[in-house]
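Colleague: Let me begin by handing over the structure; questions about it come next.
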Amino acid sequence: MDTPLACPTRATSARRLRRVPVLVLSLLLSPAFAAGPAAASSPAAPSVPDTLQQRIAACVACHGTHGEGSPGSGFFPRLAGKPAGYLARQLADFQGGLRQYAPMEYTVRGLSPDYLREIAEYFAAQQVPYARSPLPPVPAQALRRGEQLVTQGDAARGVPACARCHGSQLTGVRPDIPGLVGLPYDYVSAQLGAWRTHTRATVAPDCMAEVAGRLSTSDITAVSAWLSSRELPADMHAQEAGSVQPPLHCGVLAGNGAGT
Amino acid sequence: MKWLLRVLSIAILLALVLLACWLLRPLGQVPVPRSASAVGEASLRDPALIARGAALAAAGDCAACHTAQGGVPYAGGRLLPTPFGNIATGNLTPDPATGLGDWSFEDFWQALHSGIGRQREPLYPAFPYTSYTRLTRDDALAIYAYLQSLPPVHRTDTPDELAFPYSVRRLLVAWRALYFREGTYQPDPQRTATWNRGAYLVQGLAHCNECHAPRNALGAVLPDRFLAGGEIPAQHWYAPDLSTQAHGGLAGWSAQDIVDLLKTGQSARGAAFGPMADVVRQSTQHIGDDDLHAIADYLSALPARASPLAPPAPPGADQLVQQGKDVYRQRCADCHGADGRGVPGIYPPLDGNVSVIEPGAINAIRMVLLGGFAPGTVANPRPYSMPPYAQQLDDTEVAAVVSYIRHAWGNRAGAVSPQDVGRYRHTPED
């Protein structure tokens with residue numbers, strides 16, 4: 001991945017930048033020459049594209065120009081193609097401190113709901129191929145347990161099947177439910193863990209907190225491993241709205257099939 | 001000699017008893033029940049008064065402290081970090097049990113003007129009554145009427161988290177004797193009405209000096225350093241000197257630059273970020289143009305400052321600056337320009353930017369680490385942003401680029417060391 005530059009739309013890695021012919025460089029960085037004797041009388045500032053992508057340099061520096069995240073490490077989550085309602089909700093939850101990660105809370109805290117919505121829609125609309133991430137060694141038995149939890153749930157522990165909400169192909173449901181496949185193991189297990197420790201929460205009733213609270217730590221490993229090892233369906237788009245009947249009442253789905 | 005010892009011990013004992021009585025005496029007036037208030041309940045429901053109070057409360061930025069993250073505005077519960085511990089903010093909504101529902105205007109005035117609570121206790125000056133004491137009674141009444149018009153929120157008090165001896169509230173009586181001067185703003189007849197209006201806002205309601213001045217070891221702001229800039233205690237941001245004259249933090253700023261920053265979050269001279277971004281978003285963008293111009297007029301008349309002493313260059317500073325030039329070219333010049341002039345209305349200039357050249361370099365270091373958006377305001381609802389570099393640059397690279405921008409173009413501020421950067425890398429965001 002290219003190292004993001006201050007202006008990602010003109011993102012050129014530092015190494016490449018040095019190879020750019022001086023003429024082009026001077027066009028890009030025209031103010032560099034403005035102070036010189038040969039400069040035009042009115043120095044021109046760098047021309048800045050009036051695009052959302054340019055405005056959200058703070059976002060794309062970590063999450064990638066198209067929201068691809070950092071597929072290798074999984075540290076910065078992929079945003080591309082996640083449902084817009086879901087992404088906007090996450091931004092609002094960072095603002096409200098329900099979802100806790102100080103750099104994100106700091107970055108979004110001064111932005112209006114309209115702007116956050118626009119940013120969410122930008123990333124939701126990005127089409128980026130899904131990359132496979134390395135899977136830690138897990139015993140076959142754990143994978144079987146993971147598959148069971150994802151596809152059937154565990155009635156004895158009150159855990160519904162993931163697919164009941166996240167879609168039959170686990171690619172999410174528009175506009176509010178994210179997909180679960182195509183994500184790194186580390187990311188999925190970290191999120192389930194965060195729900196258990198309440199560093200990730202959302203508006204009440206917080207049904208994911210309920211479900212995560214009913215999973216044991218070995219269940220979290222099992223679910224995360226099975227989900228991240230799964231072959232990806234050809235169509236990774238989130239299913240259409242209203243195509244699932246959530247078995248729990250979820251605050252995040254208020255007005256959009258809130259469940260039963 | 002025995003009698004002398006005895007007299008001395010009695011005198012010391014007596015002095016201690018007197019000191020204790022002085023510290024423990026009830027302060028201020030007995031609380032006034034609302035039914036006995038001189039302010040009629042019906043008059044509080046005047047929509048014009050409430051609207052004026054809403055505007056004043058916004059200008060005073062009351063909600064900034066009296067709102068927990070994700071909480072109901074004005075319902076309190078936020079923990080304010082101070083060097084002495086965390087102080088919880090109160091509930092300003094009219095809930096009788098946990099808010100201001102039982103407070104008469106007389107009680108409210110005593111808190112705002114004298115810093116004394118309804119139990120006749122001294123209030124911690126994290127509540128800036130040190131500035132609010134300048135407010136007129138009319139303005140306080142409008143704010144009171146507005147707060148009483150809010151929907152009541154029942155919220156159990158959050159306890160303070162103060163270390164001993166600061167947890168002994170009564171010791172504030174001594175602090176008050178040393179540092180608190182009560183009194184409404186007295187207009188200066190030698191000055192224009194605009195200047196006086198600006199002074200009233202800056203010194204009182206907008207309480208600028210609570211951040212934009214250094215504090216001593218006891219957390220007090222000293223009169224001779226008024227608006228002279230200082231590190232905000234426990235927040236680790238630098239609030240700059242506000243003089244626009246020679247060697248002032250805003251040297252070269254026009255009145256319009258000040259108005260622009262307060263109204264939009266950006267000006268031709270710099271952008272608001274960190275705590276000031278919140279102030280602009282929640283408070284100053286809502287202040288009317290006349291008042292913003294009055295504030296600018298007042299700040300423009302602040303005196304020039306003494307020329308700062310050149311700080312000693314840390315070892316290896318030259319090499320750092322050279323390395324920083326490369327980092328700047330690769331990471332920063334695209335937006336801020338190789339000449340450090342930025343892009344008007346979008347990216348702030350770094351040449352002459354007070355946040356770049358302020359004494360401690362805290363803001364420049366933290367901006368490079370954190371990046372972030374200019375505040376979203378009515379005038380600038382879709383702000384541009386700066387990438388955070390905490391993940392991409394190590395302490396030496398950050399120190400290099402900050403040292404470079406502090407020394408490039410017309411800037412002549414001291415270099416910073418990688419250790420300085422390391423100190424702020426793990427500072428909480430606010």
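Every chain in the structure tokens takes a letter, A first, then B, and so on in the order presented; its residues are numbered from 1, and the ligands are numbered from 1 following the presented order.
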As a PyMOL selection string, list the residues of region 181-293 of chain B assigned to alpha helix (DSSP H) by DSSP on the backbone atoms of this structure.
Modeller: chain B and resi 193-200+255-264+274-282+289-293
Colleague: Given a cut-off of 7 Å, which residues of chain B touch chain A, counting only C-alpha atoms, written out as an mmCIF file with all heavy atoms, in the first residue's frame?
Modeller:
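The resulting file, result20.cif, is reproduced below:
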data_model
loop_
_atom_site.group_PDB
_atom_site.id
_atom_site.type_symbol
_atom_site.label_atom_id
_atom_site.label_comp_id
_atom_site.auth_asym_id
_atom_site.auth_seq_id
_atom_site.Cartn_x
_atom_site.Cartn_y
_atom_site.Cartn_z
ATOM 1 N N GLN B 69 -20.157 13.280 27.552
ATOM 2 C CA GLN B 69 -20.050 12.755 26.186
ATOM 3 C C GLN B 69 -21.277 11.872 25.906
ATOM 4 O O GLN B 69 -21.546 10.927 26.651
ATOM 5 C CB GLN B 69 -18.778 11.935 26.025
ATOM 6 C CG GLN B 69 -18.526 11.519 24.572
ATOM 7 C CD GLN B 69 -17.299 10.623 24.423
ATOM 8 O OE1 GLN B 69 -16.809 10.067 25.394
ATOM 9 N NE2 GLN B 69 -16.827 10.462 23.196
ATOM 10 N N GLY B 70 -22.016 12.219 24.883
ATOM 11 C CA GLY B 70 -23.214 11.453 24.547
ATOM 12 C C GLY B 70 -24.394 11.756 25.450
ATOM 13 O O GLY B 70 -25.454 11.146 25.307
ATOM 14 N N ASP B 278 -13.791 22.925 19.536
ATOM 15 C CA ASP B 278 -15.052 22.723 20.251
ATOM 16 C C ASP B 278 -15.670 24.053 20.652
ATOM 17 O O ASP B 278 -16.891 24.230 20.594
ATOM 18 C CB ASP B 278 -14.815 21.881 21.515
ATOM 19 C CG ASP B 278 -14.365 20.468 21.167
ATOM 20 O OD1 ASP B 278 -14.622 20.036 20.029
ATOM 21 O OD2 ASP B 278 -13.749 19.822 22.033
ATOM 22 N N GLN B 330 7.835 15.730 1.670
ATOM 23 C CA GLN B 330 7.108 14.507 1.314
ATOM 24 C C GLN B 330 5.684 14.483 1.858
ATOM 25 O O GLN B 330 4.782 13.943 1.227
ATOM 26 C CB GLN B 330 7.859 13.286 1.862
ATOM 27 C CG GLN B 330 9.196 13.054 1.190
ATOM 28 C CD GLN B 330 10.108 12.167 2.026
ATOM 29 O OE1 GLN B 330 9.647 11.490 2.950
ATOM 30 N NE2 GLN B 330 11.385 12.168 1.722
ATOM 31 N N ARG B 331 5.480 15.008 3.035
ATOM 32 C CA ARG B 331 4.199 14.795 3.710
ATOM 33 C C ARG B 331 3.318 16.033 3.804
ATOM 34 O O ARG B 331 2.119 15.906 3.994
ATOM 35 C CB ARG B 331 4.452 14.322 5.154
ATOM 36 C CG ARG B 331 5.409 13.183 5.277
ATOM 37 C CD ARG B 331 4.689 11.876 5.126
ATOM 38 N NE ARG B 331 5.576 10.757 5.383
ATOM 39 C CZ ARG B 331 5.158 9.521 5.573
ATOM 40 N NH1 ARG B 331 3.876 9.240 5.540
ATOM 41 N NH2 ARG B 331 6.014 8.551 5.778
ATOM 42 N N CYS B 332 3.911 17.203 3.814
ATOM 43 C CA CYS B 332 3.164 18.394 4.216
ATOM 44 C C CYS B 332 2.982 19.414 3.102
ATOM 45 O O CYS B 332 1.989 20.141 3.069
ATOM 46 C CB CYS B 332 3.849 19.084 5.386
ATOM 47 S SG CYS B 332 4.469 17.966 6.648
ATOM 48 N N ASP B 334 2.331 19.406 -0.016
ATOM 49 C CA ASP B 334 1.202 19.338 -0.938
ATOM 50 C C ASP B 334 0.051 20.230 -0.483
ATOM 51 O O ASP B 334 -0.651 20.799 -1.308
ATOM 52 C CB ASP B 334 0.693 17.894 -1.039
ATOM 53 C CG ASP B 334 1.331 17.169 -2.222
ATOM 54 O OD1 ASP B 334 2.234 17.760 -2.843
ATOM 55 O OD2 ASP B 334 0.908 16.035 -2.498
ATOM 56 N N CYS B 335 -0.193 20.277 0.804
ATOM 57 C CA CYS B 335 -1.320 21.064 1.310
ATOM 58 C C CYS B 335 -0.885 22.413 1.879
ATOM 59 O O CYS B 335 -1.507 23.432 1.624
ATOM 60 C CB CYS B 335 -2.074 20.283 2.383
ATOM 61 S SG CYS B 335 -2.881 18.797 1.739
ATOM 62 N N GLY B 337 1.912 23.940 1.306
ATOM 63 C CA GLY B 337 2.768 24.680 0.388
ATOM 64 C C GLY B 337 4.218 24.642 0.817
ATOM 65 O O GLY B 337 4.521 24.671 2.007
ATOM 66 N N ALA B 338 5.114 24.570 -0.175
ATOM 67 C CA ALA B 338 6.542 24.583 0.145
ATOM 68 C C ALA B 338 6.916 25.903 0.824
ATOM 69 O O ALA B 338 7.866 25.967 1.593
ATOM 70 C CB ALA B 338 7.366 24.395 -1.126
ATOM 71 N N ASP B 339 6.101 26.941 0.562
ATOM 72 C CA ASP B 339 6.383 28.248 1.175
ATOM 73 C C ASP B 339 5.645 28.412 2.501
ATOM 74 O O ASP B 339 5.676 29.485 3.093
ATOM 75 C CB ASP B 339 5.983 29.369 0.209
ATOM 76 C CG ASP B 339 4.512 29.306 -0.176
ATOM 77 O OD1 ASP B 339 3.808 28.378 0.282
ATOM 78 O OD2 ASP B 339 4.065 30.184 -0.947
ATOM 79 N N GLY B 342 0.039 27.695 2.961
ATOM 80 C CA GLY B 342 -1.256 27.018 2.984
ATOM 81 C C GLY B 342 -2.116 27.364 1.784
ATOM 82 O O GLY B 342 -1.617 27.895 0.780
ATOM 83 N N VAL B 343 -3.383 27.047 1.875
ATOM 84 C CA VAL B 343 -4.340 27.379 0.827
ATOM 85 C C VAL B 343 -5.463 28.161 1.503
ATOM 86 O O VAL B 343 -6.117 27.635 2.405
ATOM 87 C CB VAL B 343 -4.926 26.107 0.177
ATOM 88 C CG1 VAL B 343 -5.936 26.469 -0.903
ATOM 89 C CG2 VAL B 343 -3.804 25.244 -0.392
ATOM 90 N N GLY B 371 -3.638 14.916 13.634
ATOM 91 C CA GLY B 371 -4.375 15.398 12.463
ATOM 92 C C GLY B 371 -5.764 15.849 12.887
ATOM 93 O O GLY B 371 -5.959 16.333 13.987
ATOM 94 N N GLY B 372 -6.716 15.671 11.991
ATOM 95 C CA GLY B 372 -8.096 15.966 12.360
ATOM 96 C C GLY B 372 -8.742 17.015 11.481
ATOM 97 O O GLY B 372 -8.104 17.577 10.586
ATOM 98 N N PHE B 373 -10.013 17.226 11.724
ATOM 99 C CA PHE B 373 -10.822 18.152 10.932
ATOM 100 C C PHE B 373 -10.866 19.524 11.593
ATOM 101 O O PHE B 373 -10.839 19.624 12.822
ATOM 102 C CB PHE B 373 -12.264 17.648 10.858
ATOM 103 C CG PHE B 373 -12.471 16.489 9.934
ATOM 104 C CD1 PHE B 373 -12.218 15.189 10.358
ATOM 105 C CD2 PHE B 373 -12.926 16.683 8.642
ATOM 106 C CE1 PHE B 373 -12.418 14.107 9.505
ATOM 107 C CE2 PHE B 373 -13.126 15.608 7.790
ATOM 108 C CZ PHE B 373 -12.872 14.321 8.221
ATOM 109 N N PRO B 375 -13.285 22.473 12.732
ATOM 110 C CA PRO B 375 -14.626 22.226 13.258
ATOM 111 C C PRO B 375 -15.697 22.411 12.191
ATOM 112 O O PRO B 375 -15.588 23.289 11.335
ATOM 113 C CB PRO B 375 -14.766 23.293 14.358
ATOM 114 C CG PRO B 375 -13.778 24.350 14.005
ATOM 115 C CD PRO B 375 -12.645 23.650 13.339
ATOM 116 N N GLY B 376 -16.712 21.581 12.226
ATOM 117 C CA GLY B 376 -17.861 21.745 11.337
ATOM 118 C C GLY B 376 -18.721 22.884 11.864
ATOM 119 O O GLY B 376 -19.171 22.838 12.999
ATOM 120 N N ARG B 382 -18.597 21.329 5.807
ATOM 121 C CA ARG B 382 -17.883 20.149 5.312
ATOM 122 C C ARG B 382 -16.385 20.452 5.339
ATOM 123 O O ARG B 382 -15.740 20.574 4.294
ATOM 124 C CB ARG B 382 -18.357 19.807 3.899
ATOM 125 C CG ARG B 382 -19.859 19.503 3.822
ATOM 126 C CD ARG B 382 -20.360 19.514 2.394
ATOM 127 N NE ARG B 382 -19.874 18.396 1.610
ATOM 128 C CZ ARG B 382 -19.203 18.511 0.465
ATOM 129 N NH1 ARG B 382 -18.918 19.700 -0.018
ATOM 130 N NH2 ARG B 382 -18.822 17.439 -0.189
ATOM 131 N N PRO B 383 -15.802 20.560 6.533
ATOM 132 C CA PRO B 383 -14.406 20.994 6.616
ATOM 133 C C PRO B 383 -13.437 19.993 5.994
ATOM 134 O O PRO B 383 -13.702 18.789 5.958
ATOM 135 C CB PRO B 383 -14.169 21.100 8.126
ATOM 136 C CG PRO B 383 -15.213 20.254 8.758
ATOM 137 C CD PRO B 383 -16.394 20.309 7.852
ATOM 138 N N TYR B 384 -12.329 20.520 5.512
ATOM 139 C CA TYR B 384 -11.196 19.694 5.092
ATOM 140 C C TYR B 384 -10.483 19.191 6.347
ATOM 141 O O TYR B 384 -10.767 19.636 7.461
ATOM 142 C CB TYR B 384 -10.233 20.506 4.226
ATOM 143 C CG TYR B 384 -10.732 20.736 2.805
ATOM 144 C CD1 TYR B 384 -11.659 21.727 2.523
ATOM 145 C CD2 TYR B 384 -10.257 19.948 1.759
ATOM 146 C CE1 TYR B 384 -12.119 21.934 1.224
ATOM 147 C CE2 TYR B 384 -10.700 20.162 0.461
ATOM 148 C CZ TYR B 384 -11.632 21.148 0.199
ATOM 149 O OH TYR B 384 -12.073 21.353 -1.081
ATOM 150 N N SER B 385 -9.529 18.293 6.165
ATOM 151 C CA SER B 385 -8.891 17.695 7.336
ATOM 152 C C SER B 385 -7.425 17.417 7.071
ATOM 153 O O SER B 385 -6.953 17.501 5.941
ATOM 154 C CB SER B 385 -9.595 16.395 7.704
ATOM 155 O OG SER B 385 -9.485 15.464 6.638
ATOM 156 N N MET B 386 -6.734 17.074 8.126
ATOM 157 C CA MET B 386 -5.312 16.718 8.047
ATOM 158 C C MET B 386 -5.153 15.278 8.521
ATOM 159 O O MET B 386 -5.762 14.886 9.511
ATOM 160 C CB MET B 386 -4.522 17.657 8.956
ATOM 161 C CG MET B 386 -3.119 17.166 9.241
ATOM 162 S SD MET B 386 -2.081 18.476 9.883
ATOM 163 C CE MET B 386 -0.711 17.497 10.488
ATOM 164 N N PRO B 387 -4.357 14.481 7.799
ATOM 165 C CA PRO B 387 -4.167 13.092 8.232
ATOM 166 C C PRO B 387 -3.402 13.028 9.552
ATOM 167 O O PRO B 387 -2.522 13.856 9.790
ATOM 168 C CB PRO B 387 -3.313 12.467 7.118
ATOM 169 C CG PRO B 387 -3.252 13.461 6.033
ATOM 170 C CD PRO B 387 -3.570 14.798 6.602
ATOM 171 N N PRO B 388 -3.702 12.064 10.389
ATOM 172 C CA PRO B 388 -2.879 11.846 11.576
ATOM 173 C C PRO B 388 -1.596 11.130 11.167
ATOM 174 O O PRO B 388 -1.622 10.238 10.331
ATOM 175 C CB PRO B 388 -3.746 10.938 12.452
ATOM 176 C CG PRO B 388 -4.651 10.227 11.511
ATOM 177 C CD PRO B 388 -4.824 11.113 10.302
ATOM 178 N N GLU B 429 -6.466 12.334 24.089
ATOM 179 C CA GLU B 429 -6.804 13.308 23.051
ATOM 180 C C GLU B 429 -7.295 14.625 23.635
ATOM 181 O O GLU B 429 -7.116 15.672 23.065
ATOM 182 C CB GLU B 429 -7.848 12.730 22.098
ATOM 183 C CG GLU B 429 -7.251 11.963 20.931
ATOM 184 C CD GLU B 429 -6.489 10.698 21.337
ATOM 185 O OE1 GLU B 429 -6.546 10.298 22.510
ATOM 186 O OE2 GLU B 429 -5.825 10.115 20.463
#
Colleague: One number please: CA of Ser114 (chain B) to CA of Leu201 (chain B), in Å, one decimal.
Modeller: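 Pair CA of Ser114 (chain B) / CA of Leu201 (chain B) returns 18.1 Å.
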Colleague: As a list in words, please: the residues near Gly153 (chain A) (cut-off 12 Å, only C-alpha atoms, same-chain neighbours under 3 positions excluded).
Modeller: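 Close residues of Gly153 (chain A): Arg145, Gly146, Glu147, Gln148, Leu149, Val150, Ala156, Arg157, Gly158, Val159, Pro160, Ala161, Cys162, Ala163, Arg164, Cys165, Val211, Arg214, Leu215, Asp219, Val223 and Pro247 of chain A.
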Colleague: Just list as an NGL selection string whatever in region 165-400 of chain B DSSP marks as strand (DSSP E or B).
Modeller: :B and (215 or 221 or 230-231 or 238-239 or 266 or 271 or 343 or 347 or 372-373 or 385-386)
Colleague: If I take CA of Ala268 (chain B) and CA of Val356 (chain B), how far is one from the other in Å, to one decimal?
Modeller: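 For CA of Ala268 (chain B) relative to CA of Val356 (chain B), the distance reads 14.7 Å.
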Colleague: Report, in Å to a single decimal, how far apart CA of Ala364 (chain B) and CA of Asp395 (chain B) are.
Modeller: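 Computing it gives 13.2 Å between the two atoms.
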Colleague: Would you list the contacts of Asp139 (chain B) as number ranges by chain, taking every protein, DNA or RNA residue within 10 Å and counting only C-alpha atoms, but skipping same-chain residues closer than 2 positions in sequence?
Modeller: B: 49, 52-53, 56-57, 135-137, 141-145, 205
Colleague: Can you tell me which residues surround His166 (chain A) at a distance of at most 9 Å, considering only C-alpha atoms, apart from same-chain residues fewer than 4 positions away, and format the answer as an MDAnalysis selection string?
Modeller: chainID A and resid 162 170:173 177:180 238:239 244 246
Colleague: I need the residue nearest Val203 (chain A) from this list: A:Ala131, A:Ile220, A:Ala254, A:Ala190. Use only C-alpha atoms for the distance.
Modeller: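 Checking each candidate against Val203 (chain A), we get A:Ala254 as the closest.
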Colleague: Near region 134-142 of chain A, within 12 Å and counting only C-alpha atoms, which residues show up once chain neighbours fewer than 2 positions away are dropped, as a PyMOL selection string?
Modeller: chain A and resi 71-74+131-132+144-149+182-189+217-230
Colleague: Any chance you could export the current selection's N, CA and C atoms as an mmCIF file, in the first residue's frame?
Modeller:
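And here's part30.cif as it stands now:
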data_model
loop_
_atom_site.group_PDB
_atom_site.id
_atom_site.type_symbol
_atom_site.label_atom_id
_atom_site.label_comp_id
_atom_site.auth_asym_id
_atom_site.auth_seq_id
_atom_site.Cartn_x
_atom_site.Cartn_y
_atom_site.Cartn_z
ATOM 1 N N PRO A 71 -5.509 -4.368 5.007
ATOM 2 C CA PRO A 71 -5.847 -5.791 4.932
ATOM 3 C C PRO A 71 -4.800 -6.686 5.590
ATOM 4 N N GLY A 72 -3.536 -6.275 5.505
ATOM 5 C CA GLY A 72 -2.503 -7.113 6.085
ATOM 6 C C GLY A 72 -2.665 -7.274 7.589
ATOM 7 N N SER A 73 -2.718 -6.167 8.279
ATOM 8 C CA SER A 73 -2.745 -6.234 9.738
ATOM 9 C C SER A 73 -4.166 -6.293 10.278
ATOM 10 N N GLY A 74 -5.101 -5.748 9.515
ATOM 11 C CA GLY A 74 -6.465 -5.688 10.033
ATOM 12 C C GLY A 74 -6.635 -4.641 11.105
ATOM 13 N N ALA A 131 -9.734 -8.905 0.290
ATOM 14 C CA ALA A 131 -8.461 -9.609 0.423
ATOM 15 C C ALA A 131 -8.596 -10.635 1.548
ATOM 16 N N ARG A 132 -7.926 -11.772 1.374
ATOM 17 C CA ARG A 132 -7.937 -12.776 2.439
ATOM 18 C C ARG A 132 -6.843 -12.437 3.436
ATOM 19 N N ARG A 144 -15.690 -26.247 13.512
ATOM 20 C CA ARG A 144 -17.043 -26.839 13.484
ATOM 21 C C ARG A 144 -17.969 -26.095 14.436
ATOM 22 N N ARG A 145 -17.448 -25.765 15.609
ATOM 23 C CA ARG A 145 -18.236 -25.003 16.590
ATOM 24 C C ARG A 145 -18.590 -23.621 16.016
ATOM 25 N N GLY A 146 -17.630 -23.027 15.344
ATOM 26 C CA GLY A 146 -17.877 -21.731 14.723
ATOM 27 C C GLY A 146 -18.978 -21.810 13.687
ATOM 28 N N GLU A 147 -18.895 -22.826 12.856
ATOM 29 C CA GLU A 147 -19.908 -22.978 11.808
ATOM 30 C C GLU A 147 -21.290 -23.167 12.427
ATOM 31 N N GLN A 148 -21.327 -23.971 13.501
ATOM 32 C CA GLN A 148 -22.601 -24.227 14.163
ATOM 33 C C GLN A 148 -23.196 -22.921 14.715
ATOM 34 N N LEU A 149 -22.359 -22.136 15.376
ATOM 35 C CA LEU A 149 -22.848 -20.876 15.954
ATOM 36 C C LEU A 149 -23.330 -19.924 14.860
ATOM 37 N N GLY A 182 -15.216 -11.767 4.788
ATOM 38 C CA GLY A 182 -14.258 -10.891 4.113
ATOM 39 C C GLY A 182 -13.542 -9.987 5.102
ATOM 40 N N LEU A 183 -13.704 -10.273 6.389
ATOM 41 C CA LEU A 183 -13.039 -9.465 7.420
ATOM 42 C C LEU A 183 -11.938 -10.289 8.079
ATOM 43 N N PRO A 184 -10.860 -9.642 8.509
ATOM 44 C CA PRO A 184 -9.773 -10.393 9.147
ATOM 45 C C PRO A 184 -10.219 -11.009 10.479
ATOM 46 N N TYR A 185 -9.631 -12.131 10.799
ATOM 47 C CA TYR A 185 -9.898 -12.800 12.074
ATOM 48 C C TYR A 185 -9.705 -11.842 13.251
ATOM 49 N N ASP A 186 -8.592 -11.105 13.223
ATOM 50 C CA ASP A 186 -8.284 -10.215 14.350
ATOM 51 C C ASP A 186 -9.381 -9.177 14.554
ATOM 52 N N TYR A 187 -9.901 -8.679 13.439
ATOM 53 C CA TYR A 187 -10.930 -7.642 13.544
ATOM 54 C C TYR A 187 -12.209 -8.208 14.160
ATOM 55 N N VAL A 188 -12.653 -9.344 13.641
ATOM 56 C CA VAL A 188 -13.921 -9.908 14.121
ATOM 57 C C VAL A 188 -13.805 -10.271 15.603
ATOM 58 N N SER A 189 -12.710 -10.932 15.968
ATOM 59 C CA SER A 189 -12.597 -11.354 17.364
ATOM 60 C C SER A 189 -12.433 -10.133 18.278
ATOM 61 N N THR A 217 -15.211 -17.116 25.577
ATOM 62 C CA THR A 217 -14.051 -16.655 24.807
ATOM 63 C C THR A 217 -13.679 -17.675 23.730
ATOM 64 N N SER A 218 -13.866 -18.947 24.031
ATOM 65 C CA SER A 218 -13.533 -19.938 22.992
ATOM 66 C C SER A 218 -14.565 -19.871 21.856
ATOM 67 N N ASP A 219 -15.807 -19.526 22.190
ATOM 68 C CA ASP A 219 -16.809 -19.330 21.132
ATOM 69 C C ASP A 219 -16.408 -18.179 20.210
ATOM 70 N N ILE A 220 -15.881 -17.118 20.818
ATOM 71 C CA ILE A 220 -15.476 -15.952 20.014
ATOM 72 C C ILE A 220 -14.365 -16.356 19.047
ATOM 73 N N THR A 221 -13.407 -17.110 19.543
ATOM 74 C CA THR A 221 -12.343 -17.613 18.668
ATOM 75 C C THR A 221 -12.938 -18.459 17.548
ATOM 76 N N ALA A 222 -13.877 -19.334 17.918
ATOM 77 C CA ALA A 222 -14.458 -20.256 16.942
ATOM 78 C C ALA A 222 -15.220 -19.504 15.852
ATOM 79 N N VAL A 223 -16.073 -18.584 16.282
ATOM 80 C CA VAL A 223 -16.883 -17.823 15.320
ATOM 81 C C VAL A 223 -15.975 -16.991 14.409
ATOM 82 N N SER A 224 -15.024 -16.301 15.014
ATOM 83 C CA SER A 224 -14.147 -15.421 14.233
ATOM 84 C C SER A 224 -13.337 -16.227 13.230
ATOM 85 N N ALA A 225 -12.854 -17.390 13.663
ATOM 86 C CA ALA A 225 -12.039 -18.222 12.774
ATOM 87 C C ALA A 225 -12.877 -18.752 11.613
ATOM 88 N N TRP A 226 -14.075 -19.225 11.920
ATOM 89 C CA TRP A 226 -14.879 -19.788 10.830
ATOM 90 C C TRP A 226 -15.274 -18.698 9.837
ATOM 91 N N LEU A 227 -15.703 -17.538 10.378
ATOM 92 C CA LEU A 227 -16.114 -16.441 9.489
ATOM 93 C C LEU A 227 -14.962 -15.992 8.597
ATOM 94 N N SER A 228 -13.775 -15.855 9.181
ATOM 95 C CA SER A 228 -12.679 -15.295 8.383
ATOM 96 C C SER A 228 -12.061 -16.340 7.453
ATOM 97 N N SER A 229 -12.380 -17.616 7.675
ATOM 98 C CA SER A 229 -11.824 -18.646 6.789
ATOM 99 C C SER A 229 -12.775 -18.973 5.643
ATOM 100 N N ARG A 230 -13.953 -18.399 5.671
ATOM 101 C CA ARG A 230 -14.985 -18.792 4.734
ATOM 102 C C ARG A 230 -14.682 -18.297 3.324
#
Colleague: Can you pull out the residues contacting Thr192 (chain B)? Cut-off 12 Å, using only C-alpha atoms, and skip same-chain residues under 3 positions away; I want them as number ranges by chain.
Modeller: B: 187-189, 195-199, 294, 297-298, 301
